Amino acid sequence: MSLLTDLTRHSLVLLPQKPQEILELFETTSDEELFKASHLITERCASRRFDVCTIVNAKSGRCTEDCRWCAQSRHWKTSVTVTPILSDDDTKRALDRAELLKIRKFSFVTSGRKLSVNETQELSAHIAQAAARPNMEICASLGLMDEKALRLLRASGLTRVHCNLETGKDFFPKVCTTHTREDKIVTLKAARRADLDICSGGLFGMGETFEDRVELAFQLRELSVPSIPLNFLSPIPGTPLENARALTASDVLRTIALFRFVNPKAYLRFAGGLAGLSHDTLRRGLYTGINSAIVGDFLTTAGLNAEKMLVLAREAGYSTDSI
């Protein structure tokens, strides 16, 4: 009996529940059957309303951390622009663009290990400015933040905190030594205590194994993360990973299927690296399990415009009436 037949007959109760079960499944099942099964899980368990958000680079460059993939680290010689916390005018322009595209989820993203007290106060004012817009939901990705600072930002209108775990716990020290993955988990738990939603995902194509990706998928499930961005490495000149091998379409789609099997109800979000994916891979990714996306450009790499993503989402059968 095939995997797809099993899932159809037993209402998904046969979904693998342990990492070893997932590893065995993905080693013994063809790509196409995995993708069809992942599509079925998505249809039965995940939201059919396509969720879209956009980000603004709220502070750029000169980061003290040594993340090997990142152009903003001061440890690497890259051409990234260094900017302080954005101005009121910058915030207004970014919010105006989001409203023009009818995007209601808006995220401030800052470089650095964490914000200083003064920077937190500055950003708090920008968050209040954004939260004053009708129906706008405000997210932030601010590095390693404590509960006190997050409560201050929540009082200003913040609704969600993003902090990617990036990769498996054993592989993480190979791509970052200045903080740990556990530091990131501490931040996510602090956000929960501050009554904030959380968003966390991974970056793929850094040299990690499939086992590393499986461990990450289960860690996110353990944390009950409802929004999981899936980023695919865009190698940046000057960083230690500038010559990393590009992921194949199969790698990308199997990763999407993996996270859908392990996190059947989550929003799986197309995030960084979209510009490097073919139209067919984007289309098949939406079929396999993607039901949300970050649109517009990212911090140091190009993204996908909202109109193209929404067309692809509608073609995949998603509702985009209220994004």
# chains A, B, ... in the order shown; residues from 1 in each chain; ligands from 1
>>> residues_around(residues="Asp197 in chain A", least_positions_apart="5", cutoff="8 Å", atoms="only C-alpha atoms", output="count of residues only")
5
>>> residues_around(residues="range 285-288 of chain A", least_positions_apart="5", cutoff="7 Å", atoms="only C-alpha atoms", output="number ranges by chain")
A: 35-36, 38-39, 253, 256-257, 313, 316
>>> atom_distance(atom1="CA of Lys169 in chain A", atom2="CA of Lys114 in chain A")
21.0 Å
>>> residues_around(residues="Arg113 in chain A", least_positions_apart="3", cutoff="10 Å", atoms="only C-alpha atoms", output="list in words")
Cys63, Thr64, Glu65, Asp66, Thr110, Ser116, Leu142, Gly143, Leu144, Met145, Thr178 and His179 of chain A
>>> write_last_selection(atoms="C-alpha atoms", output="CSV table (one decimal), in the first residue's frame")
chain,number,residue,atom,x,y,z
A,63,CYS,CA,26.6,43.3,13.4
A,64,THR,CA,28.9,41.8,16.0
A,65,GLU,CA,27.8,38.2,15.3
A,66,ASP,CA,29.7,35.9,13.0
A,110,THR,CA,17.2,45.0,12.7
A,116,SER,CA,20.3,48.8,23.0
A,142,LEU,CA,15.4,42.0,16.6
A,143,GLY,CA,17.9,39.4,17.6
A,144,LEU,CA,18.2,38.2,21.2
A,145,MET,CA,15.7,40.2,23.2
A,178,THR,CA,29.0,34.2,18.8
A,179,HIS,CA,25.6,33.0,20.1
>>> atom_distance(atom1="CA of Ile22 in chain A", atom2="CA of Val175 in chain A")
24.9 Å
>>> closest_residue(among="A:Ser292, A:Gly157, A:Gly168, A:Val80", to="Tyr318 in chain A", atoms="only C-alpha atoms")
A:Ser292
>>> select_by_dssp(residues="range 225-314 of chain A", states="strand (DSSP E or B)", output="PDB file with N, CA and C atoms, in the first residue's frame")
ATOM      1  N   SER A 227       4.085  29.908  12.560  1.00  0.00           N
ATOM      2  CA  SER A 227       4.538  30.518  11.311  1.00  0.00           C
ATOM      3  C   SER A 227       6.009  30.175  11.119  1.00  0.00           C
ATOM      4  N   ILE A 228       6.316  29.431  10.044  1.00  0.00           N
ATOM      5  CA  ILE A 228       7.663  28.892   9.841  1.00  0.00           C
ATOM      6  C   ILE A 228       8.220  29.378   8.498  1.00  0.00           C
ATOM      7  N   PRO A 229       9.073  30.403   8.496  1.00  0.00           N
ATOM      8  CA  PRO A 229       9.706  30.833   7.247  1.00  0.00           C
ATOM      9  C   PRO A 229      10.750  29.826   6.786  1.00  0.00           C
ATOM     10  N   LEU A 230      10.711  29.499   5.504  1.00  0.00           N
ATOM     11  CA  LEU A 230      11.697  28.614   4.899  1.00  0.00           C
ATOM     12  C   LEU A 230      12.561  29.455   3.962  1.00  0.00           C
ATOM     13  N   ASN A 231      13.819  29.632   4.346  1.00  0.00           N
ATOM     14  CA  ASN A 231      14.778  30.434   3.582  1.00  0.00           C
ATOM     15  C   ASN A 231      15.759  29.514   2.871  1.00  0.00           C
ATOM     16  N   PHE A 232      16.086  29.850   1.631  1.00  0.00           N
ATOM     17  CA  PHE A 232      17.035  29.068   0.852  1.00  0.00           C
ATOM     18  C   PHE A 232      18.219  29.974   0.521  1.00  0.00           C
ATOM     19  N   TYR A 267       1.682  27.698   9.187  1.00  0.00           N
ATOM     20  CA  TYR A 267       1.934  28.447   7.963  1.00  0.00           C
ATOM     21  C   TYR A 267       3.390  28.201   7.582  1.00  0.00           C
ATOM     22  N   LEU A 268       3.617  27.562   6.454  1.00  0.00           N
ATOM     23  CA  LEU A 268       4.965  27.427   5.902  1.00  0.00           C
ATOM     24  C   LEU A 268       5.157  28.579   4.929  1.00  0.00           C
ATOM     25  N   ARG A 269       6.183  29.393   5.185  1.00  0.00           N
ATOM     26  CA  ARG A 269       6.294  30.694   4.524  1.00  0.00           C
ATOM     27  C   ARG A 269       7.504  30.741   3.595  1.00  0.00           C
ATOM     28  N   PHE A 270       7.272  30.935   2.291  1.00  0.00           N
ATOM     29  CA  PHE A 270       8.374  31.225   1.390  1.00  0.00           C
ATOM     30  C   PHE A 270       9.042  32.500   1.883  1.00  0.00           C
ATOM     31  N   SER A 292       2.080  30.549   2.649  1.00  0.00           N
ATOM     32  CA  SER A 292       2.314  31.933   3.064  1.00  0.00           C
ATOM     33  C   SER A 292       3.649  32.384   2.483  1.00  0.00           C
ATOM     34  N   ALA A 293       3.895  33.698   2.534  1.00  0.00           N
ATOM     35  CA  ALA A 293       5.136  34.211   1.941  1.00  0.00           C
ATOM     36  C   ALA A 293       5.471  35.580   2.495  1.00  0.00           C
ATOM     37  N   ILE A 294       6.782  35.873   2.501  1.00  0.00           N
ATOM     38  CA  ILE A 294       7.250  37.244   2.659  1.00  0.00           C
ATOM     39  C   ILE A 294       7.441  37.792   1.252  1.00  0.00           C
ATOM     40  N   VAL A 295       6.843  38.935   0.953  1.00  0.00           N
ATOM     41  CA  VAL A 295       6.957  39.505  -0.388  1.00  0.00           C
ATOM     42  C   VAL A 295       7.752  40.804  -0.334  1.00  0.00           C
ATOM     43  N   GLY A 296       8.265  41.218  -1.488  1.00  0.00           N
ATOM     44  CA  GLY A 296       9.151  42.370  -1.549  1.00  0.00           C
ATOM     45  C   GLY A 296      10.580  41.929  -1.315  1.00  0.00           C
ATOM     46  N   LEU A 304      10.512  38.566  -4.088  1.00  0.00           N
ATOM     47  CA  LEU A 304       9.515  38.384  -5.140  1.00  0.00           C
ATOM     48  C   LEU A 304       8.415  39.407  -4.923  1.00  0.00           C
TER      49      LEU A 304
END
>>> residues_around(residues="Pro16 in chain A", least_positions_apart="4", cutoff="8 Å", atoms="only C-alpha atoms", output="list in words")
Glu21, Ile22, Phe261 and Val262 of chain A
>>> closest_residue(among="A:Gln129, A:Lys184, A:Glu27, A:Pro173", to="Arg93 in chain A", atoms="only C-alpha atoms")
A:Gln129
>>> residues_around(residues="Gly276 in chain A", least_positions_apart="2", cutoff="9 Å", atoms="only C-alpha atoms", output="list of chain:residue names")
A:Phe232, A:Leu233, A:Ser234, A:Ala246, A:Gly273, A:Leu274, A:Ser278
>>> write_last_selection(atoms="C-alpha atoms", output="mmCIF file, in the first residue's frame")
data_model
loop_
_atom_site.group_PDB
_atom_site.id
_atom_site.type_symbol
_atom_site.label_atom_id
_atom_site.label_comp_id
_atom_site.auth_asym_id
_atom_site.auth_seq_id
_atom_site.Cartn_x
_atom_site.Cartn_y
_atom_site.Cartn_z
ATOM 1 C CA PHE A 232 17.035 29.068 0.852
ATOM 2 C CA LEU A 233 20.597 30.381 0.866
ATOM 3 C CA SER A 234 21.546 33.100 -1.597
ATOM 4 C CA ALA A 246 22.915 25.890 -4.842
ATOM 5 C CA GLY A 273 16.158 32.974 -1.611
ATOM 6 C CA LEU A 274 13.035 33.144 -3.775
ATOM 7 C CA SER A 278 12.562 28.883 -10.923
#
>>> residues_around(residues="Ala132 in chain A", least_positions_apart="3", cutoff="12 Å", atoms="only C-alpha atoms", output="VMD selection string")
chain A and resid 92 95 125 to 129 135 to 138 156 to 158
>>> write_last_selection(atoms="N, CA and C atoms", output="compact mmCIF listing (two decimals), in the first residue's frame")
# COMPACT_ATOMS: atom_id res chain seq x y z
N LYS A 92 7.09 55.63 7.42
CA LYS A 92 5.86 56.01 6.71
C LYS A 92 5.87 55.51 5.28
N LEU A 95 5.30 51.74 5.22
CA LEU A 95 3.90 51.42 5.54
C LEU A 95 2.97 51.79 4.39
N ALA A 125 8.69 53.71 19.12
CA ALA A 125 7.92 54.79 18.51
C ALA A 125 7.50 54.42 17.09
N HIS A 126 8.37 53.77 16.34
CA HIS A 126 8.03 53.35 14.98
C HIS A 126 6.95 52.27 15.00
N ILE A 127 7.02 51.37 15.96
CA ILE A 127 6.00 50.34 16.08
C ILE A 127 4.65 50.97 16.38
N ALA A 128 4.63 51.96 17.26
CA ALA A 128 3.38 52.66 17.57
C ALA A 128 2.83 53.35 16.33
N GLN A 129 3.72 53.93 15.53
CA GLN A 129 3.32 54.58 14.29
C GLN A 129 2.68 53.57 13.33
N ASN A 135 -5.99 48.01 10.87
CA ASN A 135 -5.88 46.57 10.59
C ASN A 135 -4.44 46.10 10.33
N MET A 136 -3.45 46.87 10.73
CA MET A 136 -2.06 46.48 10.50
C MET A 136 -1.54 45.65 11.67
N GLU A 137 -0.98 44.47 11.37
CA GLU A 137 -0.37 43.62 12.40
C GLU A 137 1.14 43.81 12.34
N ILE A 138 1.76 44.04 13.49
CA ILE A 138 3.16 44.42 13.52
C ILE A 138 4.03 43.31 14.12
N SER A 156 3.57 49.02 22.76
CA SER A 156 3.55 49.98 21.65
C SER A 156 2.76 49.48 20.45
N GLY A 157 2.39 48.19 20.49
CA GLY A 157 1.59 47.65 19.39
C GLY A 157 2.16 46.44 18.70
N LEU A 158 3.34 45.96 19.14
CA LEU A 158 3.91 44.75 18.55
C LEU A 158 3.02 43.55 18.83
>>> closest_residue(among="A:Gln219, A:Asn118, A:Thr29, A:Ser319", to="Glu166 in chain A", atoms="only C-alpha atoms")
A:Gln219
>>> residues_around(residues="Glu99 in chain A", least_positions_apart="3", cutoff="12 Å", atoms="only C-alpha atoms", output="ChimeraX atom specification")
/A:53-54,92-96,102-106,130,133-137,306,323
>>> write_last_selection(atoms="all heavy atoms", output="short mmCIF file (atom, residue, chain, number, x, y, z; two decimals), in the first residue's frame")
data_model
loop_
_atom_site.label_atom_id
_atom_site.label_comp_id
_atom_site.auth_asym_id
_atom_site.auth_seq_id
_atom_site.Cartn_x
_atom_site.Cartn_y
_atom_site.Cartn_z
N CYS A 53 3.21 38.69 4.25
CA CYS A 53 3.77 39.77 5.07
C CYS A 53 4.91 40.42 4.30
O CYS A 53 5.39 39.91 3.28
CB CYS A 53 4.26 39.24 6.42
SG CYS A 53 5.60 38.04 6.32
N THR A 54 5.34 41.58 4.78
CA THR A 54 6.46 42.28 4.17
C THR A 54 7.34 42.84 5.27
O THR A 54 6.90 43.01 6.41
CB THR A 54 5.96 43.41 3.24
OG1 THR A 54 7.07 43.91 2.47
CG2 THR A 54 5.32 44.55 4.02
N LYS A 92 7.09 55.63 7.42
CA LYS A 92 5.86 56.01 6.71
C LYS A 92 5.87 55.51 5.28
O LYS A 92 4.87 54.96 4.79
CB LYS A 92 5.70 57.53 6.73
CG LYS A 92 4.41 58.01 6.04
CD LYS A 92 4.30 59.52 6.08
CE LYS A 92 2.98 59.97 5.45
NZ LYS A 92 2.81 59.51 4.05
N ARG A 93 7.00 55.66 4.59
CA ARG A 93 7.07 55.21 3.20
C ARG A 93 6.88 53.70 3.10
O ARG A 93 6.17 53.21 2.21
CB ARG A 93 8.42 55.62 2.58
CG ARG A 93 8.48 57.07 2.16
CD ARG A 93 9.72 57.34 1.32
NE ARG A 93 10.94 57.26 2.12
CZ ARG A 93 11.48 58.30 2.75
NH1 ARG A 93 10.92 59.49 2.67
NH2 ARG A 93 12.60 58.16 3.44
N ALA A 94 7.50 52.96 4.00
CA ALA A 94 7.37 51.50 3.97
C ALA A 94 5.93 51.08 4.27
O ALA A 94 5.39 50.16 3.63
CB ALA A 94 8.32 50.87 4.98
N LEU A 95 5.30 51.74 5.22
CA LEU A 95 3.90 51.42 5.54
C LEU A 95 2.97 51.79 4.39
O LEU A 95 2.01 51.05 4.10
CB LEU A 95 3.48 52.16 6.81
CG LEU A 95 4.08 51.63 8.11
CD1 LEU A 95 3.91 52.65 9.23
CD2 LEU A 95 3.45 50.30 8.50
N ASP A 96 3.25 52.90 3.74
CA ASP A 96 2.42 53.30 2.59
C ASP A 96 2.49 52.26 1.48
O ASP A 96 1.48 51.93 0.85
CB ASP A 96 2.88 54.66 2.05
CG ASP A 96 2.50 55.83 2.96
OD1 ASP A 96 1.63 55.63 3.84
OD2 ASP A 96 3.06 56.92 2.78
N LYS A 102 -2.10 46.24 -0.10
CA LYS A 102 -3.10 45.62 0.77
C LYS A 102 -2.49 44.52 1.65
O LYS A 102 -3.14 43.52 1.95
CB LYS A 102 -4.28 45.08 -0.04
CG LYS A 102 -5.01 46.16 -0.83
CD LYS A 102 -6.18 45.59 -1.62
CE LYS A 102 -6.89 46.69 -2.39
NZ LYS A 102 -8.04 46.16 -3.17
N ILE A 103 -1.23 44.71 2.04
CA ILE A 103 -0.56 43.78 2.94
C ILE A 103 -0.75 44.27 4.37
O ILE A 103 -0.43 45.42 4.69
CB ILE A 103 0.94 43.67 2.60
CG1 ILE A 103 1.10 43.10 1.19
CG2 ILE A 103 1.67 42.81 3.62
CD1 ILE A 103 2.53 43.14 0.68
N ARG A 104 -1.24 43.40 5.23
CA ARG A 104 -1.60 43.80 6.58
C ARG A 104 -0.65 43.26 7.65
O ARG A 104 -0.87 43.50 8.84
CB ARG A 104 -3.03 43.32 6.89
CG ARG A 104 -4.10 43.95 6.00
CD ARG A 104 -4.09 45.45 6.12
NE ARG A 104 -5.10 46.09 5.28
CZ ARG A 104 -5.20 47.39 5.09
NH1 ARG A 104 -4.32 48.19 5.68
NH2 ARG A 104 -6.13 47.90 4.32
N LYS A 105 0.37 42.55 7.25
CA LYS A 105 1.39 42.09 8.20
C LYS A 105 2.71 42.76 7.83
O LYS A 105 3.20 42.60 6.71
CB LYS A 105 1.51 40.56 8.16
CG LYS A 105 0.36 39.84 8.84
CD LYS A 105 0.62 38.35 8.90
CE LYS A 105 -0.41 37.64 9.76
NZ LYS A 105 -1.76 37.70 9.18
N PHE A 106 3.27 43.49 8.78
CA PHE A 106 4.42 44.35 8.52
C PHE A 106 5.47 44.10 9.60
O PHE A 106 5.16 44.13 10.79
CB PHE A 106 3.96 45.80 8.54
CG PHE A 106 5.04 46.81 8.23
CD1 PHE A 106 5.24 47.21 6.91
CD2 PHE A 106 5.82 47.36 9.23
CE1 PHE A 106 6.22 48.14 6.61
CE2 PHE A 106 6.81 48.28 8.94
CZ PHE A 106 7.00 48.68 7.62
N ALA A 130 3.28 52.40 13.24
CA ALA A 130 2.75 51.36 12.35
C ALA A 130 1.44 50.78 12.88
O ALA A 130 0.49 50.55 12.12
CB ALA A 130 3.78 50.25 12.19
N ARG A 133 -1.98 52.32 12.07
CA ARG A 133 -2.63 52.11 10.78
C ARG A 133 -3.77 51.09 10.94
O ARG A 133 -3.61 50.09 11.65
CB ARG A 133 -1.62 51.58 9.76
CG ARG A 133 -0.44 52.50 9.47
CD ARG A 133 -0.80 53.59 8.51
NE ARG A 133 0.32 54.46 8.24
CZ ARG A 133 0.86 54.66 7.02
NH1 ARG A 133 0.35 54.05 5.97
NH2 ARG A 133 1.87 55.50 6.87
N PRO A 134 -4.89 51.31 10.28
CA PRO A 134 -6.02 50.39 10.43
C PRO A 134 -5.68 48.96 10.01
O PRO A 134 -5.09 48.73 8.94
CB PRO A 134 -7.08 50.99 9.48
CG PRO A 134 -6.70 52.42 9.35
CD PRO A 134 -5.21 52.45 9.42
N ASN A 135 -5.99 48.01 10.87
CA ASN A 135 -5.88 46.57 10.59
C ASN A 135 -4.44 46.10 10.33
O ASN A 135 -4.24 45.02 9.76
CB ASN A 135 -6.74 46.19 9.38
CG ASN A 135 -8.19 46.54 9.58
OD1 ASN A 135 -8.76 46.28 10.64
ND2 ASN A 135 -8.80 47.17 8.58
N MET A 136 -3.45 46.87 10.73
CA MET A 136 -2.06 46.48 10.50
C MET A 136 -1.54 45.65 11.67
O MET A 136 -1.67 46.04 12.82
CB MET A 136 -1.17 47.71 10.30
CG MET A 136 0.22 47.41 9.78
SD MET A 136 0.24 46.81 8.07
CE MET A 136 0.04 48.35 7.16
N GLU A 137 -0.98 44.47 11.37
CA GLU A 137 -0.37 43.62 12.40
C GLU A 137 1.14 43.81 12.34
O GLU A 137 1.73 43.71 11.26
CB GLU A 137 -0.72 42.15 12.15
CG GLU A 137 -2.21 41.85 12.24
CD GLU A 137 -2.49 40.39 11.95
OE1 GLU A 137 -1.69 39.53 12.36
OE2 GLU A 137 -3.51 40.11 11.30
N ALA A 306 4.78 41.20 -4.77
CA ALA A 306 3.52 40.69 -4.21
C ALA A 306 2.59 40.19 -5.30
O ALA A 306 1.94 39.14 -5.15
CB ALA A 306 2.85 41.78 -3.38
N ILE A 323 -5.46 39.46 2.62
CA ILE A 323 -4.08 39.08 2.89
C ILE A 323 -3.47 39.95 3.98
O ILE A 323 -2.37 39.71 4.42
CB ILE A 323 -3.21 39.15 1.62
CG1 ILE A 323 -3.20 40.58 1.05
CG2 ILE A 323 -3.72 38.18 0.58
CD1 ILE A 323 -2.22 40.78 -0.06
#
>>> closest_residue(among="A:Val52, A:Gln17, A:Ser79, A:Asp183", to="Arg221 in chain A", atoms="only C-alpha atoms")
A:Gln17
>>> atom_distance(atom1="CA of Thr320 in chain A", atom2="CA of Arg49 in chain A")
6.2 Å
>>> closest_residue(among="A:Pro226, A:Gly112, A:Gly289, A:Pro19", to="Thr255 in chain A", atoms="only C-alpha atoms")
A:Gly289
>>> closest_residue(among="A:Thr281, A:Arg314, A:Arg254, A:Asn263", to="Asp31 in chain A", atoms="only C-alpha atoms")
A:Arg254
>>> select_by_dssp(residues="range 23-172 of chain A", states="alpha helix (DSSP H)", output="PyMOL selection string")
chain A and resi 23-28+31-45+88-100+117-131+147-156+172
